[in-house]
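Shown next: run_0.txt, given as compact mmCIF, C-alpha atoms.
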```txt
# COMPACT_ATOMS: atom_id res chain seq x y z
CA MET S 1 -80.77 60.07 -19.81
CA GLY S 2 -82.23 56.58 -20.12
CA ASN S 3 -80.52 53.50 -18.81
CA PRO S 4 -77.95 52.12 -21.23
CA THR S 5 -78.71 48.74 -22.83
CA VAL S 6 -76.79 45.92 -21.18
CA THR S 7 -76.10 42.71 -23.11
CA PRO S 8 -76.22 39.63 -20.83
CA LEU S 9 -72.98 37.69 -20.62
CA ASN S 10 -73.42 33.96 -21.17
CA GLU S 11 -70.50 32.18 -19.59
CA PRO S 12 -69.43 29.04 -21.52
CA TRP S 13 -69.18 25.61 -19.89
CA HIS S 14 -65.61 25.39 -18.64
CA ASP S 15 -63.50 22.25 -18.84
CA GLY S 16 -63.25 20.85 -15.32
CA GLY S 17 -65.35 23.69 -13.94
CA PHE S 18 -67.26 21.24 -11.75
CA ILE S 19 -64.14 20.19 -9.82
CA VAL S 20 -63.80 21.35 -6.19
CA SER S 21 -60.55 19.45 -5.53
CA GLU S 22 -58.67 16.48 -6.95
CA SER S 23 -55.64 14.34 -6.18
CA ASN S 24 -52.13 15.56 -6.93
CA GLY S 25 -50.64 14.64 -10.25
CA HIS S 26 -54.02 14.38 -11.94
CA ARG S 27 -54.50 10.93 -10.40
CA SER S 28 -58.25 11.62 -10.47
CA ARG S 29 -58.27 11.63 -14.28
CA ASP S 30 -58.18 8.90 -16.90
CA LYS S 31 -57.98 8.93 -20.67
CA ILE S 32 -61.13 7.30 -22.03
CA VAL S 33 -62.84 6.58 -25.34
CA LEU S 34 -66.10 8.52 -25.49
CA THR S 35 -69.00 7.45 -27.67
CA GLY S 36 -72.58 8.64 -28.01
CA GLY S 37 -72.76 10.37 -31.38
CA LYS S 38 -73.33 13.91 -30.09
CA LEU S 39 -71.75 16.97 -28.50
CA THR S 40 -71.25 16.12 -24.83
CA LEU S 41 -70.64 18.95 -22.37
CA ALA S 42 -67.97 19.09 -19.69
CA GLY S 43 -69.46 17.86 -16.43
CA THR S 44 -71.68 15.24 -18.08
CA VAL S 45 -72.07 12.12 -15.95
CA LEU S 46 -70.91 9.04 -17.88
CA GLY S 47 -71.59 5.31 -17.77
CA LEU S 48 -69.25 2.49 -18.82
CA LEU S 49 -70.55 0.46 -21.76
CA SER S 50 -70.63 -3.33 -21.67
CA VAL S 51 -72.28 -5.65 -24.19
CA GLY S 52 -73.02 -9.32 -23.73
CA SER S 53 -71.24 -11.67 -26.13
CA THR S 54 -71.73 -15.24 -24.92
CA ALA S 55 -74.41 -17.05 -22.95
CA VAL S 56 -74.62 -20.49 -21.38
CA ALA S 57 -77.76 -22.05 -19.90
CA ALA S 58 -77.57 -24.40 -16.92
CA ALA S 59 -80.37 -26.04 -14.97
CA LEU S 60 -80.84 -24.81 -11.41
CA GLY S 61 -81.26 -27.70 -9.02
CA ALA S 62 -83.27 -30.74 -10.13
CA ASN S 63 -86.02 -29.89 -12.60
CA THR S 64 -89.02 -32.18 -13.04
CA GLY S 65 -89.22 -31.54 -16.79
CA ASN S 66 -86.43 -32.93 -18.97
CA GLY S 67 -86.81 -30.60 -21.95
CA THR S 68 -83.79 -28.93 -23.46
CA PHE S 69 -82.53 -25.47 -24.39
CA GLY S 70 -81.72 -24.51 -27.96
CA THR S 71 -78.74 -22.33 -28.83
CA ILE S 72 -78.83 -18.92 -27.11
CA THR S 73 -78.11 -15.92 -29.29
CA PRO S 74 -78.12 -12.14 -28.80
CA VAL S 75 -81.19 -10.73 -30.57
CA SER S 76 -80.82 -7.05 -29.85
CA VAL S 77 -78.24 -4.59 -28.62
CA PRO S 78 -77.57 -4.50 -25.82
CA THR S 79 -77.68 -7.94 -24.27
CA GLN S 80 -77.50 -7.39 -20.53
CA ILE S 81 -74.52 -8.62 -18.53
CA GLY S 82 -75.31 -11.02 -15.71
CA VAL S 83 -77.83 -13.77 -15.04
CA TYR S 84 -81.18 -14.17 -16.77
CA SER S 85 -83.56 -16.51 -14.93
CA VAL S 86 -86.16 -18.69 -16.66
CA LEU S 87 -89.00 -19.81 -14.38
CA PHE S 88 -91.75 -22.16 -15.54
CA THR S 89 -95.25 -21.13 -14.50
CA ALA S 90 -96.88 -24.24 -16.02
CA ALA S 91 -95.93 -27.18 -18.27
CA THR S 92 -95.50 -25.01 -21.37
CA THR S 93 -95.22 -21.41 -20.19
CA PHE S 94 -92.35 -19.58 -18.53
CA THR S 95 -91.19 -16.14 -17.44
CA VAL S 96 -87.74 -14.71 -18.23
CA THR S 97 -86.27 -12.17 -15.82
CA ALA S 98 -83.30 -10.10 -17.04
CA PRO S 99 -80.41 -8.99 -14.81
CA ASN S 100 -82.04 -5.56 -14.41
CA GLY S 101 -85.35 -7.12 -13.29
CA ALA S 102 -87.30 -6.66 -16.54
CA THR S 103 -89.51 -9.64 -17.44
CA ALA S 104 -91.05 -11.27 -20.52
CA SER S 105 -93.11 -14.42 -21.09
CA GLY S 106 -92.47 -17.40 -23.36
CA THR S 107 -93.83 -20.77 -24.44
CA THR S 108 -92.06 -24.08 -25.09
CA GLY S 109 -91.60 -24.85 -28.78
CA VAL S 110 -91.86 -21.17 -29.71
CA ALA S 111 -88.79 -19.00 -30.30
CA PHE S 112 -88.31 -16.51 -27.46
CA ALA S 113 -86.76 -13.19 -28.53
CA SER S 114 -86.83 -10.41 -25.96
CA LEU S 115 -84.73 -8.63 -23.31
CA GLY S 116 -81.68 -8.91 -25.57
CA ILE S 117 -81.56 -12.73 -25.92
CA GLY S 118 -83.15 -15.44 -28.06
CA PHE S 119 -83.67 -19.17 -27.59
CA THR S 120 -86.19 -21.99 -27.93
CA ILE S 121 -87.03 -24.48 -25.14
CA THR S 122 -88.11 -27.88 -26.46
CA ALA S 123 -90.34 -30.02 -24.25
CA GLY S 124 -89.07 -33.49 -23.37
CA GLY S 125 -90.78 -36.75 -22.49
CA THR S 126 -91.43 -35.53 -18.95
CA ALA S 127 -93.41 -32.30 -18.80
CA PHE S 128 -92.09 -29.23 -17.01
CA VAL S 129 -93.94 -28.16 -13.88
CA ALA S 130 -94.38 -24.78 -12.24
CA GLY S 131 -91.14 -23.94 -10.45
CA ASP S 132 -88.73 -25.61 -12.90
CA THR S 133 -85.90 -23.18 -13.67
CA PHE S 134 -82.93 -22.40 -15.86
CA ASN S 135 -80.25 -19.74 -15.65
CA ILE S 136 -78.74 -17.96 -18.65
CA THR S 137 -75.42 -16.30 -17.81
CA THR S 138 -74.08 -13.63 -20.16
CA THR S 139 -70.46 -12.54 -20.11
CA ALA S 140 -68.75 -9.38 -21.31
CA ALA S 141 -67.24 -8.79 -24.72
CA ALA S 142 -63.63 -7.70 -25.21
CA ASP S 143 -64.34 -4.08 -24.27
CA LYS S 144 -64.33 -4.92 -20.57
CA PRO S 145 -62.47 -7.20 -18.12
CA THR S 146 -63.78 -10.69 -17.61
CA ALA S 147 -63.98 -12.55 -14.31
CA ALA S 148 -64.82 -16.05 -13.19
CA ALA S 149 -65.06 -17.66 -9.76
CA VAL S 150 -63.17 -20.88 -9.00
CA ALA S 151 -63.82 -22.83 -5.81
CA GLY S 152 -61.01 -23.95 -3.55
CA THR S 153 -60.96 -27.31 -1.75
CA ASN S 154 -64.00 -26.57 0.36
CA THR S 155 -66.04 -28.44 2.91
CA GLY S 156 -69.21 -26.63 1.79
CA ASN S 157 -70.49 -27.43 -1.68
CA GLY S 158 -72.22 -24.15 -2.41
CA THR S 159 -71.59 -22.40 -5.70
CA SER S 160 -70.87 -18.93 -7.01
CA SER S 161 -72.90 -17.23 -9.69
CA ALA S 162 -71.27 -15.71 -12.73
CA VAL S 163 -69.01 -12.81 -11.75
CA THR S 164 -69.74 -9.45 -13.34
CA THR S 165 -67.44 -6.45 -13.53
CA THR S 166 -69.00 -3.07 -12.77
CA GLY S 167 -68.32 0.54 -13.70
CA ASN S 168 -65.71 0.77 -10.96
CA ALA S 169 -63.11 -1.28 -12.85
CA PRO S 170 -61.66 -4.13 -10.76
CA GLN S 171 -57.95 -4.74 -10.31
CA LEU S 172 -56.34 -7.33 -12.53
CA GLY S 173 -55.33 -10.49 -10.68
CA ALA S 174 -56.77 -12.87 -8.12
CA TYR S 175 -59.37 -11.81 -5.53
CA THR S 176 -59.95 -14.16 -2.60
CA VAL S 177 -63.32 -14.93 -1.04
CA GLU S 178 -62.85 -16.60 2.37
CA PHE S 179 -65.58 -17.78 4.73
CA ASP S 180 -65.59 -16.85 8.43
CA ASP S 181 -68.44 -19.28 9.13
CA ALA S 182 -71.21 -21.10 7.28
CA THR S 183 -72.75 -17.95 5.75
CA HIS S 184 -70.34 -15.00 6.08
CA PHE S 185 -67.29 -14.27 3.93
CA VAL S 186 -64.65 -11.58 3.33
CA VAL S 187 -63.48 -10.45 -0.12
CA THR S 188 -59.85 -9.34 -0.55
CA SER S 189 -58.40 -7.65 -3.64
CA PRO S 190 -55.22 -8.75 -5.48
CA SER S 191 -53.33 -6.03 -3.58
CA GLY S 192 -54.39 -7.52 -0.23
CA GLN S 193 -56.98 -4.88 0.65
CA GLN S 194 -60.31 -6.01 2.08
CA ILE S 195 -63.04 -4.67 -0.22
CA GLY S 196 -66.12 -5.94 1.58
CA HIS S 197 -68.03 -8.54 3.57
CA GLY S 198 -70.74 -10.75 2.11
CA VAL S 199 -73.46 -13.24 3.03
CA THR S 200 -74.52 -16.33 1.10
CA GLY S 201 -77.72 -15.86 -0.86
CA THR S 202 -77.23 -12.09 -1.04
CA ALA S 203 -75.71 -10.27 -4.03
CA PHE S 204 -72.21 -8.96 -3.28
CA ASN S 205 -71.01 -5.77 -5.00
CA GLY S 206 -67.66 -4.21 -4.22
CA GLY S 207 -64.28 -3.39 -5.70
CA GLY S 208 -65.70 -3.57 -9.20
CA LEU S 209 -67.05 -7.12 -8.79
CA GLY S 210 -70.56 -8.52 -8.45
CA PHE S 211 -71.61 -12.07 -7.61
CA THR S 212 -73.86 -14.20 -5.41
CA ILE S 213 -72.71 -17.30 -3.54
CA THR S 214 -75.46 -19.86 -3.03
CA ALA S 215 -75.22 -22.35 -0.15
CA GLY S 216 -75.33 -26.04 -1.04
CA GLY S 217 -76.47 -29.13 0.82
CA THR S 218 -73.24 -29.14 2.87
CA ALA S 219 -72.60 -25.92 4.79
CA PHE S 220 -69.44 -23.87 4.34
CA VAL S 221 -66.98 -23.81 7.23
CA ALA S 222 -64.42 -21.21 8.32
CA GLY S 223 -61.54 -21.25 5.83
CA ASP S 224 -63.55 -22.34 2.79
CA SER S 225 -62.67 -20.07 -0.11
CA PHE S 226 -63.10 -19.07 -3.73
CA THR S 227 -60.66 -17.35 -6.04
CA VAL S 228 -62.00 -14.74 -8.47
CA THR S 229 -59.50 -14.06 -11.25
CA VAL S 230 -59.87 -10.86 -13.25
CA ALA S 231 -58.12 -10.99 -16.63
CA ALA S 232 -57.25 -8.11 -18.93
CA ASN S 233 -58.79 -7.72 -22.38
CA ALA S 234 -57.30 -6.24 -25.50
CA ASN S 235 -59.68 -3.25 -25.56
CA SER S 236 -60.74 -0.93 -22.77
CA GLY S 237 -64.42 -0.08 -22.23
CA LYS S 238 -65.99 2.89 -23.91
CA PHE S 239 -67.88 5.54 -21.94
CA ALA S 240 -71.13 7.21 -22.96
CA PRO S 241 -73.41 9.82 -21.40
CA LEU S 242 -75.48 8.31 -18.60
CA SER S 243 -78.69 6.72 -19.89
CA LEU S 244 -81.08 5.80 -17.09
CA THR S 245 -83.12 3.31 -19.13
CA ALA S 246 -80.22 1.55 -20.88
CA ALA S 247 -79.22 -2.05 -20.20
CA ASP S 248 -75.71 -1.74 -21.65
CA GLY S 249 -73.94 -0.56 -18.51
CA SER S 250 -74.42 3.15 -19.16
CA ALA S 251 -77.26 3.35 -16.61
CA VAL S 252 -74.65 3.28 -13.81
CA ALA S 253 -72.68 6.48 -13.11
CA ALA S 254 -68.99 5.63 -13.56
CA ALA S 255 -67.19 8.90 -14.45
CA ILE S 256 -67.59 12.60 -15.27
CA LEU S 257 -66.45 14.10 -18.58
CA PHE S 258 -63.68 16.66 -17.97
CA GLY S 259 -63.95 18.65 -21.18
CA THR S 260 -66.64 19.19 -23.83
CA THR S 261 -66.19 16.58 -26.57
CA ASP S 262 -67.98 16.14 -29.90
CA THR S 263 -68.56 12.50 -30.98
CA THR S 264 -71.13 13.34 -33.66
CA LEU S 265 -68.98 11.85 -36.43
CA ALA S 266 -66.83 9.36 -34.52
CA ASP S 267 -65.79 8.16 -31.08
CA LYS S 268 -63.16 10.41 -29.53
CA SER S 269 -60.38 10.18 -26.98
CA ALA S 270 -61.31 12.28 -23.95
CA THR S 271 -60.44 12.90 -20.32
CA ALA S 272 -62.75 11.85 -17.50
CA ILE S 273 -62.77 12.13 -13.72
CA THR S 274 -62.94 8.56 -12.42
CA ARG S 275 -61.77 8.64 -8.77
CA ALA S 276 -60.38 10.58 -5.78
CA CYS S 277 -62.08 13.91 -6.40
CA GLU S 278 -64.55 16.38 -4.88
CA ILE S 279 -67.06 17.88 -7.30
CA ASN S 280 -69.76 20.54 -7.29
CA ALA S 281 -72.92 18.49 -7.72
CA SER S 282 -74.88 21.50 -8.98
CA GLU S 283 -72.65 21.74 -12.08
CA LEU S 284 -73.09 18.16 -13.29
CA VAL S 285 -75.06 17.38 -16.45
CA TRP S 286 -77.64 14.61 -16.08
CA PRO S 287 -79.95 12.99 -18.66
CA THR S 288 -82.88 15.19 -19.62
CA GLY S 289 -85.83 14.56 -17.34
CA SER S 290 -83.81 12.99 -14.51
CA SER S 291 -85.78 12.98 -11.26
CA ALA S 292 -84.38 14.00 -7.88
CA SER S 293 -84.26 10.36 -6.77
CA GLU S 294 -82.46 9.29 -9.99
CA ILE S 295 -79.87 12.02 -9.49
CA ALA S 296 -79.44 10.97 -5.85
CA THR S 297 -78.81 7.40 -7.00
CA GLY S 298 -76.24 8.59 -9.54
CA LEU S 299 -74.46 10.71 -6.92
CA ALA S 300 -74.32 7.69 -4.62
CA GLN S 301 -72.78 5.62 -7.43
CA LEU S 302 -70.14 8.29 -7.97
CA LYS S 303 -69.42 8.47 -4.25
CA ALA S 304 -68.92 4.70 -4.19
CA ILE S 305 -65.98 5.07 -6.62
CA GLY S 306 -64.41 7.97 -4.74
CA ILE S 307 -66.01 10.95 -6.51
CA ILE S 308 -67.49 12.96 -3.64
CA PRO S 309 -70.32 15.43 -4.38
CA ARG S 310 -70.39 18.72 -2.47
```

Translate this file's structure into structure tokens.
Amino acid sequence: MGNPTVTPLNEPWHDGGFIVSESNGHRSRDKIVLTGGKLTLAGTVLGLLSVGSTAVAAALGANTGNGTFGTITPVSVPTQIGVYSVLFTAATTFTVTAPNGATASGTTGVAFASLGIGFTITAGGTAFVAGDTFNITTTAAADKPTAAAVAGTNTGNGTSSAVTTTGNAPQLGAYTVEFDDATHFVVTSPSGQQIGHGVTGTAFNGGGLGFTITAGGTAFVAGDSFTVTVAANANSGKFAPLSLTAADGSAVAAAILFGTTDTTLADKSATAITRACEINASELVWPTGSSASEIATGLAQLKAIGIIPR
């Protein structure tokens, strides 16, 4: 007798099948709003969306040129969250660097429209020179917490950059940033937990916050401080499948979809793993074409928010 024909069994993608262990009481899970316009499988790595809504330009230091900025407007979606830098390379030409490091060139008197923002710089009576700079700071829309740094009564006159909120959502309330000496500081959450140590001139990222403190002409001293207040918004952030080239927040791994969800026709409520969990890294779904190094970066981002790959 010949061998009987055997039909292969294709096992479906199970909800939560990637989980090795999680906290009691489903503390590892959150209800989210999923977007993306497609069928998204359980185990898909997600990013938290954020879209810029407002922008303010301020001169950095003392510029030689006394030209002015026109109104800044979003020109494409998404506008990136954070600080855009405008650096003059000559009297009439400049380079714009976005928060993610992408660059584009512009000319005074000509509308600039790239990297998600638009503006026109008008030359003044004194010409710009190479090295003159501006900053454009974008803040988050109502789908994400907002945060701003306020200085205490300090000896040092350094300043804080705009504060951004990351995929690891910060606690609501007042964070404290206190200096140990002229250049080193400690960041404490509203609950009193130390979330990290920082150095002036170096970007700080921790506890869901990101900022850079720049030293001024007078050095900080031990006890100088800032308060970073995180306020709630009416709408929570939406999640989308990780997109490695996006500038809308979804390029940073922030959660894992628990169950297969179809958002082809509309955004859907879904469950995601967002913290305190061990997962089987081999069962995660990454963007098509992800390299080994990109996946390693994503796993590190998940680990940073308490999702431990095994």

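Counting all atoms listed in the file and comparing S:Gly208, S:Gly131, S:Gly37, S:Gly223, the residue that lies closest to Val177 of chain S is S:Gly223.
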
Where's the centre, and what are the edge lengths in Å to one decimal, of a box along x, y and z enclosing all listed atoms of segment 194-198 of chain S padded 3 Å per side, as lines of an AutoDock Vina configuration file?
```
center_x = -65.5
center_y = -7.7
center_z = 1.7
size_x = 16.4
size_y = 12.1
size_z = 9.8
```

Exercise. To one decimal place, how far is atom CA of Gly201 of chain S from atom CA of Thr137 of chain S in Å?
Worked result: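 Rounded to one decimal, the two atoms are 17.1 Å apart.
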
Exercise. Smallest atom-to-atom distance to Arg27 of chain S: which of S:Cys277, S:Ala111, S:Ile308, S:Ala91, using all atoms listed in the file?
Worked result: S:Cys277

Exercise. Which neighbours of Asn100 of chain S fall inside 12 Å, counting all atoms listed in the file, when residues of the same chain fewer than 3 positions from it are skipped, and could you give them as a ChimeraX atom specification?
Worked result: /S:79-85,96-97,103,115-116,244-249,251-252

Problem set entry | Of the listed residues S:Arg310, S:Arg29, S:Lys268, S:Lys38, that which approaches Glu283 of chain S most closely, counting only C-alpha atoms |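 Among the listed residues, the smallest separation from Glu283 of chain S belongs to S:Arg310.
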
Problem set entry | Sphere at (-80.5, 8.9, -22.4), radius 10 Å, counting all atoms listed in the file: residues as a list in words |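 Returned residue set, sorted by chain then number, is Gly36, Ala240, Pro241, Leu242, Ser243, Leu244, Thr245, Ala246, Ser250, Ala251, Trp286, Pro287, Thr288, Gly289 and Ser290 of chain S.
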
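Rounded to one decimal, atom CA of Glu294 of chain S and atom CA of Leu257 of chain S lie 18.8 Å from each other.
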
Exercise. Pick the closest to Thr263 of chain S from S:Phe112, S:Phe128, S:Tyr175, S:Phe239: which is it, counting only C-alpha atoms?
Worked result: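 The shortest atom-to-atom distance to Thr263 of chain S comes from S:Phe239.
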
What residues have an atom no more than 9 Å from (-90.2, -21.9, -29.1) in the file's own frame, counting only C-alpha atoms, and can you write them as a PDB file with C-alpha atoms, in the coordinates of the input?
```pdb
ATOM      1  CA  GLY S  70     -81.720 -24.510 -27.960  1.00  0.00           C
ATOM      2  CA  GLY S 106     -92.470 -17.400 -23.360  1.00  0.00           C
ATOM      3  CA  THR S 107     -93.830 -20.770 -24.440  1.00  0.00           C
ATOM      4  CA  THR S 108     -92.060 -24.080 -25.090  1.00  0.00           C
ATOM      5  CA  GLY S 109     -91.600 -24.850 -28.780  1.00  0.00           C
ATOM      6  CA  VAL S 110     -91.860 -21.170 -29.710  1.00  0.00           C
ATOM      7  CA  ALA S 111     -88.790 -19.000 -30.300  1.00  0.00           C
ATOM      8  CA  PHE S 112     -88.310 -16.510 -27.460  1.00  0.00           C
ATOM      9  CA  PHE S 119     -83.670 -19.170 -27.590  1.00  0.00           C
ATOM     10  CA  THR S 120     -86.190 -21.990 -27.930  1.00  0.00           C
ATOM     11  CA  ILE S 121     -87.030 -24.480 -25.140  1.00  0.00           C
ATOM     12  CA  THR S 122     -88.110 -27.880 -26.460  1.00  0.00           C
TER      13      THR S 122
END
```

For this session: Point out the residue among S:Gly25, S:His184, S:Ala90, S:Leu46 with the least atom-to-atom distance to Leu302 of chain S, counting all atoms listed in the file.
Result: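 Using all atoms listed in the file, the shortest distance to Leu302 of chain S belongs to S:Leu46.
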